[in-house]
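Heads up, input_8.cif below (mmCIF, C-alpha atoms):
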```cif
data_protein
#
loop_
_atom_site.label_atom_id
_atom_site.label_comp_id
_atom_site.auth_asym_id
_atom_site.auth_seq_id
_atom_site.Cartn_x
_atom_site.Cartn_y
_atom_site.Cartn_z
CA MET A 1 0.00 0.00 0.00
CA THR A 2 1.33 3.39 -0.96
CA GLU A 3 1.89 5.71 1.96
CA GLY A 4 -0.58 8.57 2.14
CA THR A 5 -3.08 6.91 -0.21
CA SER A 6 -6.12 5.48 1.48
CA ARG A 7 -8.15 2.58 0.16
CA ARG A 8 -11.06 4.96 -0.39
CA GLU A 9 -8.90 7.27 -2.51
CA ARG A 10 -7.58 4.37 -4.62
CA LEU A 11 -11.16 3.14 -5.21
CA ARG A 12 -12.26 6.64 -6.17
CA ARG A 13 -9.48 6.92 -8.75
CA ALA A 14 -10.05 3.44 -10.19
CA LYS A 15 -11.75 3.29 -13.57
CA PRO A 16 -15.12 1.54 -13.69
CA THR A 17 -15.07 -1.97 -15.05
CA GLY A 18 -17.38 -3.28 -17.74
CA ILE A 19 -19.37 -5.35 -15.26
CA LEU A 20 -19.95 -2.33 -13.02
CA LEU A 21 -21.17 -0.27 -15.96
CA LEU A 22 -23.45 -3.15 -16.94
CA VAL A 23 -24.89 -3.27 -13.40
CA ILE A 24 -25.52 0.49 -13.46
CA ALA A 25 -27.18 0.26 -16.89
CA GLY A 26 -29.27 -2.66 -15.60
CA LEU A 27 -30.40 -0.63 -12.58
CA PHE A 28 -31.52 2.21 -14.83
CA ALA A 29 -33.35 -0.18 -17.19
CA ILE A 30 -35.07 -2.11 -14.38
CA GLY A 31 -35.95 1.07 -12.48
CA THR A 32 -37.45 2.63 -15.59
CA ALA A 33 -39.49 -0.50 -16.42
CA ILE A 34 -40.83 -0.87 -12.86
CA THR A 35 -41.70 2.81 -12.61
CA TRP A 36 -43.41 2.89 -16.02
CA LEU A 37 -45.48 -0.21 -15.28
CA ALA A 38 -46.46 0.95 -11.79
CA VAL A 39 -47.33 4.52 -12.80
CA THR A 40 -49.54 3.18 -15.61
CA HIS A 41 -51.44 0.94 -13.17
CA PHE A 42 -51.53 3.74 -10.58
CA LEU A 43 -53.25 6.06 -13.08
CA TYR A 44 -55.98 3.50 -13.69
CA ALA A 45 -56.37 2.56 -10.01
CA SER A 46 -56.66 6.21 -8.96
CA GLY A 47 -59.25 6.98 -11.64
CA LEU A 48 -57.03 9.35 -13.62
CA ALA A 49 -57.17 7.13 -16.72
CA GLY A 50 -59.57 4.61 -18.22
CA THR A 51 -63.34 4.19 -18.20
CA SER A 52 -64.98 4.03 -14.79
CA GLY A 53 -67.51 1.29 -14.15
CA HIS A 54 -68.52 -1.76 -12.15
CA LEU A 55 -68.24 -5.51 -12.61
CA LYS A 56 -70.82 -7.86 -11.16
CA VAL A 57 -69.01 -11.16 -10.59
CA GLU A 58 -70.94 -14.08 -12.09
CA ALA A 59 -68.31 -16.84 -11.88
CA CYS A 60 -64.71 -17.45 -10.88
CA THR A 61 -62.31 -20.04 -12.22
CA TRP A 62 -58.79 -21.02 -11.28
CA SER A 63 -55.92 -21.87 -13.59
CA GLY A 64 -52.66 -23.43 -12.56
CA ILE A 65 -49.17 -23.43 -13.98
CA GLY A 66 -46.30 -25.14 -12.21
CA GLY A 67 -48.05 -25.44 -8.86
CA HIS A 68 -49.18 -21.79 -8.82
CA ARG A 69 -52.92 -21.22 -9.08
CA SER A 70 -54.41 -17.93 -10.31
CA PRO A 71 -58.01 -16.73 -9.97
CA HIS A 72 -60.02 -15.35 -12.89
CA CYS A 73 -63.41 -13.81 -12.13
CA HIS A 74 -65.88 -13.16 -14.94
CA GLY A 75 -68.97 -11.04 -15.24
CA VAL A 76 -70.61 -8.06 -16.90
CA PHE A 77 -68.80 -4.72 -16.86
CA ARG A 78 -70.96 -1.60 -17.17
CA SER A 79 -69.41 1.83 -17.43
CA ASP A 80 -70.77 4.47 -15.08
CA ASP A 81 -71.97 6.59 -18.02
CA GLY A 82 -73.71 3.58 -19.63
CA THR A 83 -71.80 3.79 -22.92
CA THR A 84 -69.75 0.60 -22.43
CA VAL A 85 -71.08 -2.86 -21.61
CA ASP A 86 -68.78 -5.88 -21.73
CA PRO A 87 -70.58 -9.17 -21.00
CA ASP A 88 -67.29 -11.12 -21.01
CA ALA A 89 -65.22 -8.97 -18.63
CA THR A 90 -62.50 -10.80 -16.67
CA ILE A 91 -60.30 -9.68 -13.81
CA ASP A 92 -57.53 -11.74 -12.25
CA ASN A 93 -58.59 -11.34 -8.63
CA HIS A 94 -60.34 -13.71 -6.25
CA LEU A 95 -63.79 -12.25 -5.60
CA SER A 96 -67.00 -13.75 -4.31
CA VAL A 97 -69.74 -14.51 -6.83
CA GLY A 98 -72.41 -11.80 -6.81
CA ARG A 99 -70.06 -9.11 -5.55
CA VAL A 100 -70.02 -5.80 -7.42
CA VAL A 101 -66.58 -4.17 -7.65
CA GLY A 102 -65.46 -0.83 -9.01
CA LEU A 103 -63.07 -1.14 -11.95
CA ARG A 104 -61.42 0.99 -14.60
CA ARG A 105 -61.36 -0.30 -18.17
CA THR A 106 -57.87 0.19 -19.60
CA ALA A 107 -56.97 1.36 -23.09
CA SER A 108 -56.05 -2.24 -24.00
CA GLY A 109 -59.48 -3.56 -22.93
CA GLY A 110 -58.31 -5.02 -19.63
CA TYR A 111 -59.58 -4.09 -16.18
CA GLU A 112 -57.88 -2.56 -13.15
CA ARG A 113 -59.13 -2.53 -9.54
CA THR A 114 -59.78 0.86 -7.98
CA GLY A 115 -59.80 2.01 -4.39
CA ALA A 116 -57.35 2.89 -1.67
CA GLY A 117 -55.72 -0.54 -1.56
CA ALA A 118 -54.91 -0.50 -5.28
CA VAL A 119 -53.83 3.16 -5.28
CA PHE A 120 -51.42 2.82 -2.36
CA GLY A 121 -50.18 -0.55 -3.59
CA TRP A 122 -49.24 0.83 -7.02
CA LEU A 123 -47.82 3.96 -5.38
CA ALA A 124 -45.51 1.72 -3.33
CA VAL A 125 -44.35 -0.10 -6.48
CA SER A 126 -43.81 3.26 -8.24
CA LEU A 127 -41.69 4.49 -5.35
CA PHE A 128 -39.70 1.24 -5.41
CA GLY A 129 -38.97 1.83 -9.11
CA LEU A 130 -37.75 5.33 -8.26
CA MET A 131 -35.55 3.84 -5.53
CA VAL A 132 -33.89 1.58 -8.11
CA LEU A 133 -33.32 4.60 -10.38
CA VAL A 134 -31.81 6.63 -7.53
CA LEU A 135 -29.60 3.66 -6.61
CA GLY A 136 -28.31 3.65 -10.19
CA ALA A 137 -27.63 7.39 -9.95
CA ALA A 138 -25.84 6.91 -6.62
CA MET A 139 -23.64 4.19 -8.10
CA THR A 140 -22.88 6.41 -11.09
CA SER A 141 -21.84 9.32 -8.88
CA ALA A 142 -19.74 7.03 -6.71
CA VAL A 143 -17.94 5.70 -9.78
CA THR A 144 -17.27 9.21 -11.08
CA GLY A 145 -15.80 10.23 -7.72
CA SER A 146 -18.34 12.81 -6.62
CA ARG A 147 -18.19 13.44 -2.89
CA ASP A 148 -21.42 15.31 -2.08
CA THR A 149 -23.83 13.68 -4.51
CA PRO A 150 -23.76 10.17 -2.96
CA ARG A 151 -24.68 11.63 0.45
CA THR A 152 -27.64 13.51 -1.06
CA LEU A 153 -28.74 10.46 -3.02
CA THR A 154 -28.44 8.29 0.10
CA LYS A 155 -30.79 10.66 1.94
CA LEU A 156 -33.18 10.54 -1.03
CA LEU A 157 -33.01 6.72 -1.01
CA ALA A 158 -33.86 6.69 2.71
CA ALA A 159 -36.84 9.02 2.17
CA LEU A 160 -38.09 6.91 -0.76
CA LEU A 161 -37.73 3.75 1.31
CA ALA A 162 -39.77 5.26 4.16
CA ALA A 163 -42.47 6.45 1.74
CA THR A 164 -42.53 3.06 -0.01
CA LEU A 165 -42.97 1.18 3.26
CA ALA A 166 -45.67 3.59 4.47
CA SER A 167 -47.54 3.31 1.17
CA ALA A 168 -47.29 -0.49 1.19
CA LEU A 169 -48.58 -0.59 4.77
CA ILE A 170 -51.53 1.71 4.01
CA GLY A 171 -52.27 -0.22 0.81
CA GLY A 172 -52.18 -3.52 2.64
CA VAL A 173 -54.49 -2.32 5.41
CA ALA A 174 -56.90 -0.78 2.85
CA ALA A 175 -56.88 -3.97 0.75
CA MET A 176 -57.61 -6.09 3.83
CA ALA A 177 -60.45 -3.76 4.80
CA GLY A 178 -61.80 -4.03 1.24
CA ALA A 179 -61.54 -7.81 1.31
CA LEU A 180 -63.54 -7.84 4.52
CA GLY A 181 -66.26 -5.73 2.89
CA GLY A 182 -65.02 -2.33 4.01
CA TRP A 183 -63.79 0.67 2.08
CA GLY A 184 -60.68 -0.71 0.23
#
```
Please go through the file and, once you have read it, give me the structure as structure tokens.
Amino acid sequence: MTEGTSRRERLRRAKPTGILLLVIAGLFAIGTAITWLAVTHFLYASGLAGTSGHLKVEACTWSGIGGHRSPHCHGVFRSDDGTTVDPDATIDNHLSVGRVVGLRRTASGGYERTGAGAVFGWLAVSLFGLMVLVLGAAMTSAVTGSRDTPRTLTKLLAALLAATLASALIGGVAAMAGALGGWG
């Protein structure tokens, strides 16, 4: 070890390797994909996009692949304004037959649950995607040798983590309340 040169200083001066750059690029790609997907679902769940309506569940089936079973509930979707009726609407949630649930019809013809549980759940996933993006930015600034930026990004990561956990908790409680027939 060279006198006067700390391990931290040597790491700061080292050039990034190809694998490190690949990891950083992967973080940005994954963070962008998660955020895009979650924000899209969040817009539908919060009522900011799509056609508002209700589905009356007429039947539910289960399909299984590799030991994992998924529910599919079918019924008639009616938009709140009465312009859209879909007698073959399907949503991949386990619901009791006869239950009427609020949904948003998506641009692709699918359906998205609405309510506090869905909104806070998708908000938590959106915030997680942002955390992955900020982690990529923090790694980039660490590789380039910036001293102040990693500290700021670390504080931002901590704030995003706290908001993500709070949103997931609220979403979980709201979803449980909704499953028990409450307001979720």
For CA of Phe77 (chain A) and CA of Lys56 (chain A), the interatomic separation in Å (one decimal): 6.8 Å
The PyMOL selection byres ((chain A and resi 78) around 12) applied to the shown file, residues as an MDAnalysis selection string: chainID A and resid 51:57 75:77 79:89 100:105 111
The PyMOL selection byres ((chain A and resi 38) around 10) applied to the shown file, residues as a PyMOL selection string: chain A and resi 32-37+39-43+121-129
Expansion of the PyMOL selection byres ((chain A and resi 133) around 7) into residues, as a PyMOL selection string: chain A and resi 27-28+31-32+129-132+134-137
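You will find CA of Gly171 (chain A) at 7.1 Å from CA of Val119 (chain A).
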Gap from CA of His72 (chain A) to CA of Cys60 (chain A) - Å, one decimal: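 Going from CA of His72 (chain A) over to CA of Cys60 (chain A) covers 5.5 Å.
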Using only C-alpha atoms: which of A:Ser46, A:Ile30, A:Asn93, A:Leu21 has the shortest distance to Ala59 (chain A):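 Among A:Ser46, A:Ile30, A:Asn93, A:Leu21, it is A:Asn93 that comes nearest to Ala59 (chain A).
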A:Ala107, A:Ala177, A:Val143, A:Leu156 ranked by distance to Tyr44 (chain A), top pick (using only C-alpha atoms): A:Ala107
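Among the candidates A:Thr140, A:Thr61, A:Thr164, A:Ser146, the one nearest to Asp92 (chain A) when counting only C-alpha atoms is A:Thr61.
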Closest of A:Ala118, A:Gly67, A:Val173, A:Ser141 to Ile24 (chain A) - atom-to-atom distances counting only C-alpha atoms: A:Ser141
Selected residue, from A:Ala175, A:Leu160, A:Ile170, A:Met139, that lies nearest to Val23 (chain A) when counting only C-alpha atoms: A:Met139
Taking the block above, write region 66-81 of chain A with all heavy atoms as a short mmCIF file (atom, residue, chain, number, x, y, z; two decimals), in the first residue's frame.
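Saved to decode.cif:
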```
data_model
loop_
_atom_site.label_atom_id
_atom_site.label_comp_id
_atom_site.auth_asym_id
_atom_site.auth_seq_id
_atom_site.Cartn_x
_atom_site.Cartn_y
_atom_site.Cartn_z
N GLY A 66 -47.44 -24.84 -13.06
CA GLY A 66 -46.30 -25.14 -12.21
C GLY A 66 -46.57 -25.06 -10.72
O GLY A 66 -45.74 -24.58 -9.98
N GLY A 67 -47.74 -25.45 -10.28
CA GLY A 67 -48.05 -25.44 -8.86
C GLY A 67 -48.59 -24.11 -8.36
O GLY A 67 -48.97 -23.98 -7.21
N HIS A 68 -48.62 -23.10 -9.21
CA HIS A 68 -49.18 -21.79 -8.82
C HIS A 68 -50.56 -21.64 -9.43
O HIS A 68 -50.73 -21.77 -10.63
CB HIS A 68 -48.27 -20.66 -9.30
CG HIS A 68 -48.81 -19.30 -8.98
ND1 HIS A 68 -48.80 -18.79 -7.71
CD2 HIS A 68 -49.40 -18.38 -9.77
CE1 HIS A 68 -49.36 -17.60 -7.73
NE2 HIS A 68 -49.72 -17.32 -8.96
N ARG A 69 -51.55 -21.37 -8.59
CA ARG A 69 -52.92 -21.22 -9.08
C ARG A 69 -53.30 -19.74 -9.09
O ARG A 69 -53.00 -19.02 -8.15
CB ARG A 69 -53.88 -22.00 -8.18
CG ARG A 69 -53.67 -23.49 -8.31
CD ARG A 69 -54.54 -24.26 -7.35
NE ARG A 69 -55.83 -23.61 -7.13
CZ ARG A 69 -57.00 -24.21 -7.26
NH1 ARG A 69 -57.05 -25.47 -7.57
NH2 ARG A 69 -58.12 -23.56 -7.04
N SER A 70 -53.99 -19.32 -10.16
CA SER A 70 -54.41 -17.93 -10.31
C SER A 70 -55.92 -17.85 -10.50
O SER A 70 -56.49 -18.61 -11.27
CB SER A 70 -53.73 -17.30 -11.54
OG SER A 70 -52.34 -17.35 -11.42
N PRO A 71 -56.56 -16.89 -9.81
CA PRO A 71 -58.01 -16.73 -9.97
C PRO A 71 -58.36 -15.87 -11.18
O PRO A 71 -57.59 -14.98 -11.56
CB PRO A 71 -58.41 -16.01 -8.68
CG PRO A 71 -57.21 -15.19 -8.35
CD PRO A 71 -56.03 -16.01 -8.79
N HIS A 72 -59.49 -16.14 -11.77
CA HIS A 72 -60.02 -15.35 -12.89
C HIS A 72 -61.52 -15.22 -12.66
O HIS A 72 -62.24 -16.21 -12.73
CB HIS A 72 -59.76 -16.02 -14.24
CG HIS A 72 -58.34 -16.45 -14.42
ND1 HIS A 72 -57.35 -15.56 -14.72
CD2 HIS A 72 -57.76 -17.66 -14.32
CE1 HIS A 72 -56.19 -16.21 -14.81
NE2 HIS A 72 -56.42 -17.50 -14.57
N CYS A 73 -61.99 -14.02 -12.37
CA CYS A 73 -63.41 -13.81 -12.13
C CYS A 73 -64.03 -13.12 -13.34
O CYS A 73 -63.45 -12.19 -13.91
CB CYS A 73 -63.64 -13.00 -10.86
SG CYS A 73 -63.23 -13.97 -9.39
N HIS A 74 -65.21 -13.61 -13.72
CA HIS A 74 -65.88 -13.16 -14.94
C HIS A 74 -67.23 -12.56 -14.58
O HIS A 74 -67.85 -12.93 -13.59
CB HIS A 74 -66.11 -14.35 -15.88
CG HIS A 74 -64.92 -15.24 -16.01
ND1 HIS A 74 -63.89 -14.97 -16.87
CD2 HIS A 74 -64.58 -16.39 -15.36
CE1 HIS A 74 -62.97 -15.92 -16.76
NE2 HIS A 74 -63.38 -16.79 -15.86
N GLY A 75 -67.66 -11.64 -15.44
CA GLY A 75 -68.97 -11.04 -15.24
C GLY A 75 -69.24 -9.97 -16.27
O GLY A 75 -68.55 -9.88 -17.29
N VAL A 76 -70.23 -9.13 -16.00
CA VAL A 76 -70.61 -8.06 -16.90
C VAL A 76 -70.06 -6.74 -16.36
O VAL A 76 -70.33 -6.39 -15.20
CB VAL A 76 -72.15 -7.97 -17.05
CG1 VAL A 76 -72.54 -6.80 -17.94
CG2 VAL A 76 -72.70 -9.27 -17.60
N PHE A 77 -69.30 -6.05 -17.21
CA PHE A 77 -68.80 -4.72 -16.86
C PHE A 77 -69.73 -3.69 -17.48
O PHE A 77 -70.06 -3.76 -18.66
CB PHE A 77 -67.38 -4.51 -17.39
CG PHE A 77 -66.89 -3.10 -17.23
CD1 PHE A 77 -66.37 -2.66 -16.02
CD2 PHE A 77 -66.95 -2.19 -18.29
CE1 PHE A 77 -65.92 -1.36 -15.86
CE2 PHE A 77 -66.50 -0.89 -18.14
CZ PHE A 77 -65.98 -0.47 -16.93
N ARG A 78 -70.15 -2.72 -16.68
CA ARG A 78 -70.96 -1.60 -17.17
C ARG A 78 -70.27 -0.31 -16.76
O ARG A 78 -69.99 -0.10 -15.58
CB ARG A 78 -72.36 -1.63 -16.56
CG ARG A 78 -73.19 -2.80 -16.98
CD ARG A 78 -74.62 -2.69 -16.46
NE ARG A 78 -75.35 -3.94 -16.51
CZ ARG A 78 -75.77 -4.55 -17.61
NH1 ARG A 78 -75.54 -4.01 -18.77
NH2 ARG A 78 -76.42 -5.68 -17.55
N SER A 79 -70.02 0.54 -17.75
CA SER A 79 -69.41 1.83 -17.43
C SER A 79 -70.41 2.70 -16.68
O SER A 79 -71.63 2.54 -16.84
CB SER A 79 -68.93 2.54 -18.70
OG SER A 79 -70.02 2.84 -19.54
N ASP A 80 -69.91 3.61 -15.88
CA ASP A 80 -70.77 4.47 -15.08
C ASP A 80 -71.66 5.37 -15.95
O ASP A 80 -72.78 5.70 -15.56
CB ASP A 80 -69.95 5.33 -14.13
CG ASP A 80 -69.33 4.50 -13.01
OD1 ASP A 80 -69.81 3.37 -12.77
OD2 ASP A 80 -68.35 4.97 -12.40
N ASP A 81 -71.17 5.73 -17.14
CA ASP A 81 -71.97 6.59 -18.02
C ASP A 81 -72.89 5.79 -18.95
O ASP A 81 -73.64 6.36 -19.73
CB ASP A 81 -71.07 7.52 -18.84
CG ASP A 81 -70.12 6.77 -19.77
OD1 ASP A 81 -70.23 5.54 -19.90
OD2 ASP A 81 -69.26 7.45 -20.37
#
```
